[in-house]
Amino acid sequence: MNNKIYLSTVLALGLSVFSFTSHASELDQYLQQKQIIDAEYKIKNTTGLNEILNIISVEDSRTLPYQVDQNTIIEQMQLFADRVEVEGLISSPDFEQFAQDVGHSEVKKIMKKNLLQNCEMIFEHQFQRVNPYRIELQLSSAQQQFQLQLKNSECKF
């Protein structure tokens, strides 16, 4: 039981840096004004979108590393027209024992489940929900690395 609570905390994984939105975000509206996405949020100009997302990523990188909670640190985050890449650290020494107790594959399953439960926050902008989009997550502890991918098509919005 304690292990599940602990892992849930660890797996917050920077998701708090994403905000919940069920309608067009300010970014969606800006991209529509610039005609980078259309009224249905479909990407019309991938190059232009990547340029804007790169600028946002550079600005956001100034606040990194970001300590999400006592166990998780986000070191890098890069936005692209088709994905978000996130790299982070599991900083708690207790995690190694937990991972050893339940096993690497079980930890990945729990992480994936928690990502699926946070689809609304992960894919915060409508253009991320309408177009093929994914998050690529690399999370490292002192002794292990976890790589996960979540596609928006796996989510129920």
# chains A, B, ... in the order shown; residues from 1 in each chain; ligands from 1
$ select_by_dssp --residues "stretch 18-155 of chain A" --states "helix (DSSP H, G or I)" --output "JSON, numbers by chain"
{"A": [26, 27, 28, 29, 30, 31, 32, 33, 46, 47, 48, 49, 50, 51, 52, 53, 54, 55, 56, 57, 58, 59, 60, 61, 94, 95, 96, 97, 98, 99, 100, 101, 102, 104, 105, 106, 107, 108, 109, 110, 111, 112, 113, 114, 115, 116, 117, 119, 120, 121, 122, 126, 127, 128, 129, 130, 152, 153, 154]}
$ closest_residue --among "A:Glu154, A:Val86, A:His104, A:Lys112" --to "A:Glu136" --atoms "only C-alpha atoms"
A:Val86
$ atom_distance --atom1 "atom CA of A:Glu87" --atom2 "atom CA of A:Leu49"
21.7 Å
$ closest_residue --among "A:Asn152, A:Gln100, A:Gln35, A:Gln143" --to "A:Glu124" --atoms "only C-alpha atoms"
A:Asn152
$ atom_distance --atom1 "atom CA of A:Phe127" --atom2 "atom CA of A:Thr63"
24.3 Å
$ residues_around --residues "A:Tyr66" --least-positions-apart "2" --cutoff "10 Å" --atoms "only C-alpha atoms" --output "VMD selection string"
chain A and resid 14 17 61 to 64 68 to 69 72 to 76 88
$ write_last_selection --atoms "C-alpha atoms" --output "PDB file, in the first residue's frame"
ATOM      1  CA  GLY A  14       5.982  17.119 -13.764  1.00  0.00           C
ATOM      2  CA  VAL A  17       3.599  21.805 -15.201  1.00  0.00           C
ATOM      3  CA  SER A  61      13.833  25.774 -19.871  1.00  0.00           C
ATOM      4  CA  ARG A  62      14.766  28.804 -17.799  1.00  0.00           C
ATOM      5  CA  THR A  63      12.642  27.419 -14.966  1.00  0.00           C
ATOM      6  CA  LEU A  64      14.284  23.971 -15.144  1.00  0.00           C
ATOM      7  CA  VAL A  68       7.705  18.535  -8.907  1.00  0.00           C
ATOM      8  CA  ASP A  69       7.623  17.016  -5.442  1.00  0.00           C
ATOM      9  CA  THR A  72      10.724  13.933  -8.840  1.00  0.00           C
ATOM     10  CA  ILE A  73      12.727  16.521 -10.745  1.00  0.00           C
ATOM     11  CA  ILE A  74      12.069  17.548 -14.344  1.00  0.00           C
ATOM     12  CA  GLU A  75      15.355  18.373 -16.029  1.00  0.00           C
ATOM     13  CA  GLN A  76      14.354  18.929 -19.644  1.00  0.00           C
ATOM     14  CA  GLY A  88      13.458  13.705 -15.348  1.00  0.00           C
TER      15      GLY A  88
END
$ closest_residue --among "A:Ala142, A:Ile135, A:Ile90, A:Met77" --to "A:Met121" --atoms "only C-alpha atoms"
A:Ile135
$ atom_distance --atom1 "atom CA of A:Leu150" --atom2 "atom CA of A:Leu115"
7.3 Å
$ select_by_dssp --residues "stretch 26-105 of chain A" --states "strand (DSSP E)" --output "PyMOL selection string"
chain A and resi 66-67+72-79+83-90
$ closest_residue --among "A:Val107, A:Leu116, A:Ile122, A:Leu27" --to "A:Lys156" --atoms "only C-alpha atoms"
A:Leu116
$ closest_residue --among "A:Cys119, A:Ala99, A:Cys155, A:Leu79" --to "A:Val58" --atoms "only C-alpha atoms"
A:Leu79
$ closest_residue --among "A:Gln144, A:Gln126, A:Gln78, A:Ser153" --to "A:Glu26" --atoms "only C-alpha atoms"
A:Gln126
